[in-house]
Protein chains: 2
Amino acid sequence: MSDSDLSDFRISSLRQACAHCSLNQLCLPMSLSEADIEQLDSIVERRRPLQRGDHLYWGGDNFQAIYAVRSGSLKTYTTTEEGEEQVTGFHLPGELVGLDAINTWVHPCSAASLETTSICELPFEQLEHLAADIPGLQRQLLRLMSKEIFADQEMLFAMARRSAEERLAMLLMSFSDRFARRGLSATRFRLPVARSDLGNYLGLAPETMSRLFRRFSDQGWLKAEGREIQLIEPDALSELAGRGMIEEPAEPRRGDGTD
Amino acid sequence: MSDSDLSDFRISSLRQACAHCSLNQLCLPMSLSEADIEQLDSIVERRRPLQRGDHLYWGGDNFQAIYAVRSGSLKTYTTTEEGEEQVTGFHLPGELVGLDAINTWVHPCSAASLETTSICELPFEQLEHLAADIPGLQRQLLRLMSKEIFADQEMLFAMARRSAEERLAMLLMSFSDRFARRGLSATRFRLPVARSDLGNYLGLAPETMSRLFRRFSDQGWLKAEGREIQLIEPDALSELAGRGMIEEPAEPRRGDGTD
DNA sequence: CGCCTACTTGAGCGGCATCAATGGGTGTGG
DNA sequence: CCACACCCATTGATGCCGCTCAAGTAGGCG
């Protein structure tokens with residue numbers, strides 16, 4: 001509950017319509033008409049909150065629905081044959097999980113709650129039918145998947161080319177941005193994630209994480225007390241994170257397919 | 001032309017219908033009815049082949065279409081502010097490129113031809129409309145995007161956790177599989193890619209690539225003469241590649257959302 | 001209080017990058 | 001036909017970043 005704003009919560013205790021959801025600009029409803037949102041709303045199932053450590057689904061589960069985080073947070077992770085874990089993402093309110101299961105209809109990863117977390121469930125078959133009827137919804141679905149592909153590619157780039165420092169800076173700025181989009185402070189927040197998970201996600205050992213936080217803190221760039229983070233010089237971190245980020249040319253070049 | 005079979009080629013010199021395309025089980029038409037394929041076919045534009053080094057699109061170009069490789073091969077790559085390149089993928093016949101541009105309607109990466117390459121162009125707006133009418137097409141589109149997300153996550157995992165040897169083994173097996181799916185030899189093929197691009201993709205220096213190929217070759221696992229590869233012991237490579245691959249549990253566990 | 005997990009800090013090492021030099025293949029122009 | 005340039009691939013020497021191992025500290029919860 002920590003993330004949903006109070007007025008919303010009071011108005012609609014059990015029946016929390018998409019139309020009134022403070023996250024509807026982050027989630028699927030974006031840019032849909034009121035009537036369309038109502039249709040979407042009618043297939044959404046809201047369930048009792050997950051407690052910390054509860055799983056929304058397990059790798060290997062049959063795929064039935066896509067899920068939107070309403071409050072709280074999730075991590076998704078895969079498991080190797082040897083039992084090694086690899087965290088594939090952290091998911092904050094307004095973000096979707098489960099898109100990677102559409103292909104095989106089996107969840108390739110597990111999704112675990114990092115704190116008390118409430119979820120909207122979007123049964124996929126119904127969502128598919130609805131998307132065929134509502135062009136804006138189909139487009140939004142494709143957009144979100146495209147966005148995920150792009151994000152993964154940026155992450156890939158980071159893993160391939162960037163130093164540990166730069167990777168952590170990127171992740172911190174990513175959290176900062178995502179909190180800010182929800183109207184929270186961009187410079188003071190509580191990471192819902194343990195150091196070891198952060199490190200795992202970034203492909204770094206937990207010890208390295210400690211040393212990085214210490215280094216950043218020694219530089220005066222941030223204060224970190226456990227998971228409580230205060231960014232003192234976001235610009236420094238942003239510069240570090242942005243160094244070597246993917247170029248976004250201002251004006252399109254010709255796209256006629258020849259060179 | 002090297003990949004399309006001759007009878008196809010004779011039948012339809014300019015007009016090469018999806019229905020007769022030898023790749024239609026790899027590309028979008030998969031599992032569509034004949035009538036549906038014909039509709040899809042009607043929006044597909046086939047263009048004159050790209051020569052080696054030609055660009056299909058540039059990063060920053062406005063997004064207009066998704067492209068399917070018909071023969072030849074492409075690489076996609078991003079460019080940093082400093083001019084550094086990062087290869088984000090290699091694309092063989094039957095595979096799609098451009099999905100990462102749907103979100104912003106701007107191509108976030110460039111696509112360059114690695115050899116003489118022919119392409120099918122799928123104008124996205126028309127594809128969207130068609131997908132709304134043909135449920136199977138919408139589903140196939142979502143599936144392919146989901147697949148890409150999953151593939152990127154596997155790659156991420158590899159970059160985060162696997163050694164240089166394991167990464168190269170994975171890539172070799174990936175090429176082997178993709179050639180095999182098209183009916184080509186799984187153990188003897190020509191990489192359409194320079195060592196330096198392979199290395200770039202894997203986050204490794206070209207020098208490291210050389211040493212790796214030498215090591216594999218010394219082990220008797222493969223013969224490599226330039227880009228010409230012969231896998232002698234695919235099982236050894238497969239074991240190396242598969243070590244620590246993502247688990248795919250045999251039987252689904254419960255997916256009721258609680259733990 | 002004791003246990004467990006998360007986090008921190010130090011010491012040492014190894015994998016891979018970097019720098020540098022050389023060899024081979026291919027296209028170009030004389 | 002050869003000379004030259006250019007790119008790609010190979011090989012060796014060296015160094016650094018981040019992992020591993022090990023120990024110690026702090027906080028949460030029975």
# chains A, B, ... in the order shown; residues from 1 in each chain; ligands from 1
>>> select_by_dssp(residues="stretch 43-254 of chain A", states="strand (DSSP E)", output="VMD selection string")
chain A and resid 45 to 46 55 to 57 65 to 71 74 to 79 85 to 91 96 to 97 110 to 113 118 to 123 188 to 190 222 to 225 228 to 231
>>> interface_residues(of="chain A", to="chain C", cutoff="9 Å", atoms="only C-alpha atoms (C1' of nucleotides)", output="PyMOL selection string")
chain A and resi 194-196+206-207+210-211+226
>>> select_by_dssp(residues="stretch 17-163 of chain B", states="alpha helix (DSSP H)", output="ChimeraX atom specification")
/B:34-43,124-133,135-161
>>> atom_distance(atom1="atom CA of A:Leu202", atom2="atom CA of A:Pro108")
19.4 Å
>>> closest_atom_pairs(of="chain D", to="chain B", cutoff="12 Å", atoms="only C-alpha atoms (C1' of nucleotides)", output="Markdown table")
| residue | atom | partner | partner_atom | distance |
| --- | --- | --- | --- | --- |
| D:DC7 | C1' | B:Ala194 | CA | 10.8 |
| D:DC8 | C1' | B:Ala194 | CA | 8.0 |
| D:DA9 | C1' | B:Ser210 | CA | 7.2 |
| D:DT10 | C1' | B:Ser210 | CA | 6.6 |
| D:DT11 | C1' | B:Arg211 | CA | 8.6 |
| D:DG12 | C1' | B:Glu207 | CA | 11.2 |
| D:DC19 | C1' | B:Arg161 | CA | 11.3 |
>>> write_last_selection(atoms="N, CA, C and O atoms (P, O5', C5', C4', C3', O3' and C1' of nucleotides)", output="PDB file, in the first residue's frame")
ATOM      1  P    DC D   7      41.331   0.395 -43.539  1.00  0.00           P
ATOM      2  O5'  DC D   7      40.745  -1.052 -43.241  1.00  0.00           O
ATOM      3  C5'  DC D   7      40.088  -1.767 -44.284  1.00  0.00           C
ATOM      4  C4'  DC D   7      40.102  -3.238 -43.972  1.00  0.00           C
ATOM      5  C3'  DC D   7      39.750  -3.573 -42.519  1.00  0.00           C
ATOM      6  O3'  DC D   7      38.739  -4.577 -42.519  1.00  0.00           O
ATOM      7  C1'  DC D   7      41.753  -4.640 -43.137  1.00  0.00           C
ATOM      8  P    DC D   8      37.947  -4.886 -41.184  1.00  0.00           P
ATOM      9  O5'  DC D   8      38.418  -6.370 -40.839  1.00  0.00           O
ATOM     10  C5'  DC D   8      38.404  -7.351 -41.873  1.00  0.00           C
ATOM     11  C4'  DC D   8      39.313  -8.485 -41.467  1.00  0.00           C
ATOM     12  C3'  DC D   8      39.103  -8.990 -40.051  1.00  0.00           C
ATOM     13  O3'  DC D   8      38.754 -10.359 -40.101  1.00  0.00           O
ATOM     14  C1'  DC D   8      41.415  -8.648 -40.519  1.00  0.00           C
ATOM     15  P    DA D   9      38.386 -11.151 -38.781  1.00  0.00           P
ATOM     16  O5'  DA D   9      39.764 -11.849 -38.453  1.00  0.00           O
ATOM     17  C5'  DA D   9      40.331 -12.731 -39.406  1.00  0.00           C
ATOM     18  C4'  DA D   9      41.679 -13.202 -38.908  1.00  0.00           C
ATOM     19  C3'  DA D   9      41.673 -13.777 -37.495  1.00  0.00           C
ATOM     20  O3'  DA D   9      42.187 -15.092 -37.551  1.00  0.00           O
ATOM     21  C1'  DA D   9      43.420 -12.189 -37.768  1.00  0.00           C
ATOM     22  P    DT D  10      42.240 -15.990 -36.255  1.00  0.00           P
ATOM     23  O5'  DT D  10      43.713 -15.769 -35.724  1.00  0.00           O
ATOM     24  C5'  DT D  10      44.812 -16.179 -36.525  1.00  0.00           C
ATOM     25  C4'  DT D  10      46.100 -15.665 -35.920  1.00  0.00           C
ATOM     26  C3'  DT D  10      46.444 -16.177 -34.516  1.00  0.00           C
ATOM     27  O3'  DT D  10      47.562 -17.027 -34.639  1.00  0.00           O
ATOM     28  C1'  DT D  10      46.941 -13.868 -34.786  1.00  0.00           C
ATOM     29  P    DT D  11      47.863 -18.131 -33.540  1.00  0.00           P
ATOM     30  O5'  DT D  11      48.895 -17.375 -32.600  1.00  0.00           O
ATOM     31  C5'  DT D  11      50.092 -16.849 -33.157  1.00  0.00           C
ATOM     32  C4'  DT D  11      50.740 -15.876 -32.206  1.00  0.00           C
ATOM     33  C3'  DT D  11      50.747 -16.279 -30.725  1.00  0.00           C
ATOM     34  O3'  DT D  11      52.081 -16.547 -30.332  1.00  0.00           O
ATOM     35  C1'  DT D  11      50.292 -13.960 -31.031  1.00  0.00           C
ATOM     36  P    DG D  12      52.429 -17.113 -28.887  1.00  0.00           P
ATOM     37  O5'  DG D  12      53.000 -15.798 -28.184  1.00  0.00           O
ATOM     38  C5'  DG D  12      54.064 -15.083 -28.787  1.00  0.00           C
ATOM     39  C4'  DG D  12      54.371 -13.820 -27.999  1.00  0.00           C
ATOM     40  C3'  DG D  12      54.428 -14.004 -26.474  1.00  0.00           C
ATOM     41  O3'  DG D  12      55.612 -13.380 -25.985  1.00  0.00           O
ATOM     42  C1'  DG D  12      52.967 -12.233 -27.028  1.00  0.00           C
ATOM     43  P    DC D  19      32.664  -8.859  -9.849  1.00  0.00           P
ATOM     44  O5'  DC D  19      33.156 -10.373  -9.620  1.00  0.00           O
ATOM     45  C5'  DC D  19      33.742 -11.082 -10.709  1.00  0.00           C
ATOM     46  C4'  DC D  19      34.537 -12.264 -10.193  1.00  0.00           C
ATOM     47  C3'  DC D  19      33.866 -13.040  -9.078  1.00  0.00           C
ATOM     48  O3'  DC D  19      34.013 -14.437  -9.306  1.00  0.00           O
ATOM     49  C1'  DC D  19      35.984 -12.215  -8.331  1.00  0.00           C
TER      50       DC D  19
END
>>> residues_around(residues="stretch 166-175 of chain B", least_positions_apart="2", cutoff="9 Å", atoms="only C-alpha atoms (C1' of nucleotides)", output="ChimeraX atom specification")
/B:92,155,158-159,162-164,177-180,186,189,191,198-199,202,209,212-213,231,234,237-243
>>> write_last_selection(atoms="N, CA, C and O atoms", output="tab-separated table (two decimals), in the first residue's frame")
chain	number	residue	atom	x	y	z
B	92	LEU	N	19.48	-13.70	-39.39
B	92	LEU	CA	19.55	-14.63	-40.52
B	92	LEU	C	18.18	-14.75	-41.18
B	92	LEU	O	17.18	-14.27	-40.64
B	155	MET	N	20.72	-13.63	-23.16
B	155	MET	CA	21.99	-13.00	-23.51
B	155	MET	C	22.52	-12.21	-22.32
B	155	MET	O	23.71	-12.26	-22.00
B	158	ALA	N	24.04	-14.42	-19.93
B	158	ALA	CA	25.34	-14.87	-20.39
B	158	ALA	C	26.42	-13.82	-20.12
B	158	ALA	O	27.51	-14.13	-19.64
B	159	MET	N	26.07	-12.56	-20.40
B	159	MET	CA	27.05	-11.50	-20.21
B	159	MET	C	27.38	-11.31	-18.73
B	159	MET	O	28.49	-10.97	-18.37
B	162	ARG	N	28.59	-15.67	-17.45
B	162	ARG	CA	29.36	-16.70	-18.14
B	162	ARG	C	30.72	-16.20	-18.61
B	162	ARG	O	30.90	-15.03	-18.91
B	163	SER	N	31.65	-17.13	-18.67
B	163	SER	CA	33.01	-16.80	-19.10
B	163	SER	C	33.04	-16.58	-20.62
B	163	SER	O	32.08	-16.89	-21.32
B	164	ALA	N	34.15	-16.07	-21.08
B	164	ALA	CA	34.32	-15.82	-22.51
B	164	ALA	C	34.12	-17.11	-23.30
B	164	ALA	O	33.43	-17.13	-24.32
B	177	ASP	N	22.20	-23.89	-34.60
B	177	ASP	CA	20.76	-24.16	-34.54
B	177	ASP	C	20.01	-23.42	-35.63
B	177	ASP	O	19.11	-23.96	-36.28
B	178	ARG	N	20.38	-22.16	-35.80
B	178	ARG	CA	19.63	-21.34	-36.75
B	178	ARG	C	19.87	-21.79	-38.19
B	178	ARG	O	18.98	-21.73	-39.03
B	179	PHE	N	21.09	-22.25	-38.47
B	179	PHE	CA	21.33	-22.81	-39.80
B	179	PHE	C	20.54	-24.09	-39.97
B	179	PHE	O	19.93	-24.33	-41.02
B	180	ALA	N	20.57	-24.93	-38.93
B	180	ALA	CA	19.90	-26.23	-39.01
B	180	ALA	C	18.39	-26.05	-39.26
B	180	ALA	O	17.79	-26.79	-40.03
B	186	ALA	N	24.32	-28.30	-39.59
B	186	ALA	CA	24.49	-27.75	-38.25
B	186	ALA	C	25.95	-27.75	-37.83
B	186	ALA	O	26.33	-27.12	-36.86
B	189	PHE	N	29.45	-24.52	-41.44
B	189	PHE	CA	28.81	-23.31	-41.97
B	189	PHE	C	29.82	-22.19	-42.04
B	189	PHE	O	30.92	-22.27	-41.49
B	191	LEU	N	30.32	-18.37	-41.08
B	191	LEU	CA	29.84	-17.23	-40.32
B	191	LEU	C	29.81	-16.02	-41.24
B	191	LEU	O	30.80	-15.75	-41.93
B	198	LEU	N	31.79	-10.41	-33.95
B	198	LEU	CA	31.43	-11.47	-33.01
B	198	LEU	C	31.84	-11.05	-31.60
B	198	LEU	O	31.06	-11.14	-30.64
B	199	GLY	N	33.09	-10.62	-31.48
B	199	GLY	CA	33.61	-10.22	-30.18
B	199	GLY	C	32.84	-9.05	-29.61
B	199	GLY	O	32.44	-9.06	-28.44
B	202	LEU	N	29.66	-10.14	-28.17
B	202	LEU	CA	29.81	-10.92	-26.93
B	202	LEU	C	30.46	-10.11	-25.81
B	202	LEU	O	30.66	-10.63	-24.71
B	209	MET	N	38.84	-13.23	-28.97
B	209	MET	CA	38.16	-14.13	-29.89
B	209	MET	C	39.16	-15.07	-30.56
B	209	MET	O	38.95	-16.27	-30.63
B	212	LEU	N	40.30	-17.66	-28.19
B	212	LEU	CA	39.25	-18.64	-27.93
B	212	LEU	C	39.14	-19.65	-29.06
B	212	LEU	O	39.08	-20.86	-28.83
B	213	PHE	N	39.13	-19.15	-30.29
B	213	PHE	CA	39.04	-20.06	-31.43
B	213	PHE	C	40.23	-21.02	-31.43
B	213	PHE	O	40.09	-22.21	-31.70
B	231	LEU	N	32.25	-27.77	-36.92
B	231	LEU	CA	32.16	-28.26	-35.54
B	231	LEU	C	32.50	-29.75	-35.53
B	231	LEU	O	31.83	-30.55	-36.18
B	234	PRO	N	30.36	-31.09	-31.49
B	234	PRO	CA	29.30	-30.15	-31.10
B	234	PRO	C	28.85	-30.38	-29.66
B	234	PRO	O	28.46	-29.44	-28.96
B	237	LEU	N	30.92	-28.46	-27.18
B	237	LEU	CA	30.56	-27.04	-27.22
B	237	LEU	C	29.19	-26.82	-26.60
B	237	LEU	O	28.96	-25.87	-25.85
B	238	SER	N	28.30	-27.73	-26.93
B	238	SER	CA	26.94	-27.61	-26.43
B	238	SER	C	26.93	-27.71	-24.91
B	238	SER	O	26.21	-26.98	-24.22
B	239	GLU	N	27.77	-28.61	-24.40
B	239	GLU	CA	27.86	-28.77	-22.95
B	239	GLU	C	28.36	-27.47	-22.32
B	239	GLU	O	27.83	-26.98	-21.33
B	240	LEU	N	29.38	-26.91	-22.96
B	240	LEU	CA	29.95	-25.65	-22.46
B	240	LEU	C	28.92	-24.53	-22.54
B	240	LEU	O	28.76	-23.73	-21.62
B	241	ALA	N	28.21	-24.49	-23.67
B	241	ALA	CA	27.20	-23.45	-23.86
B	241	ALA	C	26.03	-23.63	-22.90
B	241	ALA	O	25.52	-22.68	-22.34
B	242	GLY	N	25.65	-24.89	-22.75
B	242	GLY	CA	24.47	-25.18	-21.95
B	242	GLY	C	24.71	-25.07	-20.47
B	242	GLY	O	23.78	-24.84	-19.71
B	243	ARG	N	25.96	-25.19	-20.06
B	243	ARG	CA	26.26	-25.10	-18.64
B	243	ARG	C	25.70	-23.81	-18.07
B	243	ARG	O	26.07	-22.74	-18.48
>>> atom_distance(atom1="atom CA of B:His91", atom2="atom CA of A:Ala132")
29.1 Å
>>> atom_distance(atom1="atom CA of B:Ala35", atom2="atom CA of B:Ile102")
26.6 Å
>>> residues_around(residues="A:Gly220", least_positions_apart="5", cutoff="9 Å", atoms="only C-alpha atoms (C1' of nucleotides)", output="PyMOL selection string")
chain A and resi 215+232-233
>>> closest_residue(among="A:Gln64, A:Ser33, A:Asn103, A:Thr76", to="chain B", atoms="only C-alpha atoms")
A:Asn103
